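Participant: Have a look at the structure that comes next, please.
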Amino acid sequence: MRTIKQSKKLRNVRYDVRGPILVEAQRLEALGHRILKLNIGNPAPFGFEAPQAIQADVIHHLPEAQGYSDSRGIFSARTAVAQYYQSHGLQDAHVEDVFIGNGVSELISMVLQTFVDDGNEILVPAPDYPLWTGAVSLAGGTPVHYLCDESNGWMPDLADIEAKITENTHALVIINPNNPTGAVYSEETVKALVDIARRHDLVLFSDEIYEKILFNGAEHHHTATYADDDVLCLTFSGLSKAYRVCGYRAGWLMISGPKDRAADFIEGLTLMANMRMCSNVPAQHAIQTALGGYQSIEEFVGPGGRFYEQSMLADRLLNEIPGVSSVRPDGALYCFPRLDPEVYSIADDQQFVIDLLRSKHLLVTHGTGFNWPNPDHFRLVTLPDVEMLEEAIGRIAEFLEEYRAARGISVS
């Protein structure tokens with residue numbers, strides 16, 4: 001009988017955040033081990049809850065949320081998103097420019113399926129949120145990774161971007177604030193990225209889901225505010241992180257720039273939205289309340305707030321481990337530390353995190369899972385409370401100390 005196989009379209013698609021390492025963690029859990037999971041930026045398991053006003057509004061609207069909505073999203077949600085960007089300097093943001101989706105993840109896939117033809121090249125940062133790379137490949141395109149410079153606070157390497165543009169390059173992906181590095185791009189950097197898109201006639205895809213999670217006075221700059229009316233910019237954001245409602249799956253896409261030149265693309269995107277009927281209707285009712293109400297995220301990102309204190313603690317503790325260095329994150333919910341290759345000669349970073357998992361029952365994600373080219377980084381989620389983070393990073397320190405001792409390595 002014929003063997004039933006997965007589609008060849010999946011040949012170059014990976015999503016290691018939930019990949020083989022998670023399978024190994026589940027195997028260990030089945031054996032009775034308790035695994036501390038620091039692999040996914042999901043606030044709920046760590047005691048973060050949605051603001052009461054958002055929960056109440058979703059519950060209030062449940063009776064009228066039982067049927068399909070407009071495939072682009074309910075009017076109140078789309079209006080709230082348009083007004084949000086208007087208040088941030090994008091006066092030409094209108095309701096018809098907004099699509100609501102089941103989180104940013106769904107919208108990324110919809111946009112790339114609509115936009116990419118076989119052989120199109122899309123510039124994606126390295127490291128990246130791996131859905132971008134996977135979704136480009138699944139759509140038939142070729143992800144081309146441009147480097148972010150660790151020595152420069154993980155800012156995109158502009159020269160590397162320019163060097164990798166070809167006649168087949170169609171778009172530039174920007175992830176700001178960045179997952180996994182926690183970098184928040186300067187105004188100068190954002191302007192330079194927009195200028196590259198302008199000079200090479202590229203579409204900009206700007207993933208800004210962490211835009212409200214900023215530390216130490218960092219300021220987020222919306223890519224679209226610099227794209228003007230001559231560069232098409234698709235801005236992605238949502239409620240998952242800043243409003244602690246990952247499970248609601250409430251995200252949005254805002255289209256700005258020369259929409260007349262993009263009419264055919266927008267028609268195709270509308271078709272894609274129609275084909276999935278609509279996004280989760282109850283969660284759409286959370287958007288207007290979230291954007292228009294009290295911004296409780298401010299309680300979390302300043303000194304004394306959990307996001308801030310945990311991020312700064314994780315950065316400090318990681319940098320205290322011999323042979324480990326971490327660039328302080330200015331945003332998002334992660335650290336992306338480096339393991340000095342002269343101290344830790346790791347050839348397979350996936351095996352490294354599996355060994356850590358088996359030894360210390362701690363789950364992190366290897367750096368190459370974020371399309372970083374070298375096996376010398378890993379990503380740590382900073383959502384656990386201070387006590388749990390101290391325990392987790394202590395386990396990492398013990399594991400690395402055992403690694404050094406087994407190989408007779410001393411670090412001054």
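Residue numbering restarts at 1 in every chain; chains get A, B, ... in the order shown in the structure tokens, and ligands count up from 1 in that same order.
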Run DSSP on the backbone and tell me which residues of stretch 64-310 of chain A come out as alpha helix (DSSP H); list them as number ranges by chain.
Facilitator: A: 75-86, 103-115, 130-138, 158-163, 187-200, 224-227, 263-275, 281-292, 298-301, 306-310
Participant: Leaving out A:Glu299 and any residue of its chain fewer than 6 positions from it, which residues lie within 12 Å of it when counting only C-alpha atoms, given as a list in words?
Facilitator: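 Counting only the stated atoms, we get Pro51, Lys212, Ile213, Leu214, Phe215, Ala242, Tyr243, Gly305, Arg306, Phe307, Tyr308 and Glu309 of chain A.
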Participant: Just checking: using only C-alpha atoms, which residue out of A:Gly302, A:Leu271, A:Asp117, A:Val190 ends up closest to A:Ser71?
Facilitator: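 Smallest separation from A:Ser71 among the options: A:Leu271.
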Participant: Could you give me the residues within stretch 41-214 of chain A that DSSP places in strand (DSSP E), as a PDB file with N, CA and C atoms, in the first residue's frame?
Facilitator:
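And here's out14.pdb as it stands now:
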ATOM      1  N   VAL A  98      -7.434  47.889   7.523  1.00  0.00           N
ATOM      2  CA  VAL A  98      -7.185  46.997   8.658  1.00  0.00           C
ATOM      3  C   VAL A  98      -7.836  45.644   8.432  1.00  0.00           C
ATOM      4  N   PHE A  99      -7.066  44.588   8.720  1.00  0.00           N
ATOM      5  CA  PHE A  99      -7.575  43.217   8.736  1.00  0.00           C
ATOM      6  C   PHE A  99      -7.327  42.644  10.131  1.00  0.00           C
ATOM      7  N   ILE A 100      -8.337  42.008  10.704  1.00  0.00           N
ATOM      8  CA  ILE A 100      -8.196  41.346  11.999  1.00  0.00           C
ATOM      9  C   ILE A 100      -7.950  39.858  11.753  1.00  0.00           C
ATOM     10  N   GLY A 101      -7.036  39.277  12.534  1.00  0.00           N
ATOM     11  CA  GLY A 101      -6.713  37.862  12.343  1.00  0.00           C
ATOM     12  C   GLY A 101      -6.607  37.115  13.655  1.00  0.00           C
ATOM     13  N   GLU A 121      12.294  36.135  -3.468  1.00  0.00           N
ATOM     14  CA  GLU A 121      13.153  36.183  -2.290  1.00  0.00           C
ATOM     15  C   GLU A 121      12.625  37.228  -1.315  1.00  0.00           C
ATOM     16  N   ILE A 122      12.567  36.839  -0.051  1.00  0.00           N
ATOM     17  CA  ILE A 122      12.119  37.726   1.015  1.00  0.00           C
ATOM     18  C   ILE A 122      13.244  37.839   2.031  1.00  0.00           C
ATOM     19  N   LEU A 123      13.657  39.060   2.343  1.00  0.00           N
ATOM     20  CA  LEU A 123      14.716  39.288   3.318  1.00  0.00           C
ATOM     21  C   LEU A 123      14.148  39.173   4.730  1.00  0.00           C
ATOM     22  N   VAL A 124      14.744  38.282   5.517  1.00  0.00           N
ATOM     23  CA  VAL A 124      14.274  37.988   6.874  1.00  0.00           C
ATOM     24  C   VAL A 124      15.461  38.113   7.820  1.00  0.00           C
ATOM     25  N   PRO A 125      15.278  38.725   8.999  1.00  0.00           N
ATOM     26  CA  PRO A 125      16.423  38.876   9.909  1.00  0.00           C
ATOM     27  C   PRO A 125      16.915  37.550  10.465  1.00  0.00           C
ATOM     28  N   ALA A 126      18.195  37.513  10.794  1.00  0.00           N
ATOM     29  CA  ALA A 126      18.795  36.383  11.510  1.00  0.00           C
ATOM     30  C   ALA A 126      19.473  36.951  12.752  1.00  0.00           C
ATOM     31  N   THR A 142      11.728  32.091  -1.216  1.00  0.00           N
ATOM     32  CA  THR A 142      13.044  31.788  -0.667  1.00  0.00           C
ATOM     33  C   THR A 142      13.384  32.813   0.413  1.00  0.00           C
ATOM     34  N   PRO A 143      13.450  32.386   1.685  1.00  0.00           N
ATOM     35  CA  PRO A 143      13.882  33.313   2.722  1.00  0.00           C
ATOM     36  C   PRO A 143      15.382  33.553   2.626  1.00  0.00           C
ATOM     37  N   VAL A 144      15.774  34.796   2.594  1.00  0.00           N
ATOM     38  CA  VAL A 144      17.185  35.168   2.563  1.00  0.00           C
ATOM     39  C   VAL A 144      17.474  35.915   3.859  1.00  0.00           C
ATOM     40  N   HIS A 145      18.354  35.374   4.680  1.00  0.00           N
ATOM     41  CA  HIS A 145      18.560  35.912   6.020  1.00  0.00           C
ATOM     42  C   HIS A 145      19.658  36.975   6.037  1.00  0.00           C
ATOM     43  N   TYR A 146      19.291  38.159   6.517  1.00  0.00           N
ATOM     44  CA  TYR A 146      20.289  39.198   6.748  1.00  0.00           C
ATOM     45  C   TYR A 146      20.653  39.184   8.233  1.00  0.00           C
ATOM     46  N   LEU A 147      21.895  39.502   8.519  1.00  0.00           N
ATOM     47  CA  LEU A 147      22.404  39.386   9.878  1.00  0.00           C
ATOM     48  C   LEU A 147      22.044  40.599  10.723  1.00  0.00           C
ATOM     49  N   CYS A 148      21.738  40.337  11.985  1.00  0.00           N
ATOM     50  CA  CYS A 148      21.687  41.388  12.984  1.00  0.00           C
ATOM     51  C   CYS A 148      23.003  41.320  13.762  1.00  0.00           C
ATOM     52  N   ASP A 149      23.516  42.468  14.134  1.00  0.00           N
ATOM     53  CA  ASP A 149      24.880  42.593  14.665  1.00  0.00           C
ATOM     54  C   ASP A 149      24.863  42.592  16.193  1.00  0.00           C
ATOM     55  N   MET A 155      21.374  45.362  16.269  1.00  0.00           N
ATOM     56  CA  MET A 155      20.772  46.146  15.190  1.00  0.00           C
ATOM     57  C   MET A 155      20.985  45.427  13.845  1.00  0.00           C
ATOM     58  N   PRO A 156      20.058  45.546  12.904  1.00  0.00           N
ATOM     59  CA  PRO A 156      20.261  44.951  11.587  1.00  0.00           C
ATOM     60  C   PRO A 156      21.522  45.479  10.920  1.00  0.00           C
ATOM     61  N   THR A 169      14.406  39.889  -5.198  1.00  0.00           N
ATOM     62  CA  THR A 169      14.008  40.314  -3.860  1.00  0.00           C
ATOM     63  C   THR A 169      12.739  41.162  -3.946  1.00  0.00           C
ATOM     64  N   HIS A 170      11.744  40.785  -3.148  1.00  0.00           N
ATOM     65  CA  HIS A 170      10.455  41.477  -3.228  1.00  0.00           C
ATOM     66  C   HIS A 170      10.042  42.177  -1.933  1.00  0.00           C
ATOM     67  N   ALA A 171      10.593  41.773  -0.792  1.00  0.00           N
ATOM     68  CA  ALA A 171      10.138  42.364   0.465  1.00  0.00           C
ATOM     69  C   ALA A 171      11.220  42.254   1.528  1.00  0.00           C
ATOM     70  N   LEU A 172      11.086  43.106   2.541  1.00  0.00           N
ATOM     71  CA  LEU A 172      12.001  43.154   3.673  1.00  0.00           C
ATOM     72  C   LEU A 172      11.196  43.013   4.958  1.00  0.00           C
ATOM     73  N   VAL A 173      11.527  41.997   5.758  1.00  0.00           N
ATOM     74  CA  VAL A 173      10.860  41.764   7.037  1.00  0.00           C
ATOM     75  C   VAL A 173      11.644  42.464   8.140  1.00  0.00           C
ATOM     76  N   ILE A 174      10.923  43.195   8.991  1.00  0.00           N
ATOM     77  CA  ILE A 174      11.503  43.857  10.157  1.00  0.00           C
ATOM     78  C   ILE A 174      10.766  43.338  11.389  1.00  0.00           C
ATOM     79  N   ILE A 175      11.516  42.906  12.403  1.00  0.00           N
ATOM     80  CA  ILE A 175      10.905  42.457  13.658  1.00  0.00           C
ATOM     81  C   ILE A 175      11.410  43.381  14.760  1.00  0.00           C
ATOM     82  N   VAL A 203       8.566  45.837  -0.608  1.00  0.00           N
ATOM     83  CA  VAL A 203       7.472  45.952   0.359  1.00  0.00           C
ATOM     84  C   VAL A 203       8.044  45.704   1.754  1.00  0.00           C
ATOM     85  N   LEU A 204       7.549  46.434   2.740  1.00  0.00           N
ATOM     86  CA  LEU A 204       7.985  46.257   4.116  1.00  0.00           C
ATOM     87  C   LEU A 204       6.949  45.461   4.904  1.00  0.00           C
ATOM     88  N   PHE A 205       7.397  44.436   5.589  1.00  0.00           N
ATOM     89  CA  PHE A 205       6.574  43.690   6.529  1.00  0.00           C
ATOM     90  C   PHE A 205       7.139  43.963   7.921  1.00  0.00           C
ATOM     91  N   SER A 206       6.408  44.704   8.744  1.00  0.00           N
ATOM     92  CA  SER A 206       6.920  45.132  10.034  1.00  0.00           C
ATOM     93  C   SER A 206       6.153  44.450  11.168  1.00  0.00           C
ATOM     94  N   ASP A 207       6.815  43.514  11.828  1.00  0.00           N
ATOM     95  CA  ASP A 207       6.237  42.747  12.930  1.00  0.00           C
ATOM     96  C   ASP A 207       6.511  43.516  14.226  1.00  0.00           C
TER      97      ASP A 207
END
Participant: What's the separation between atom CA of A:Tyr68 and atom CA of A:Asn280, in Å to one decimal place?
Facilitator: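 Between atom CA of A:Tyr68 and atom CA of A:Asn280 the gap is 8.6 Å.
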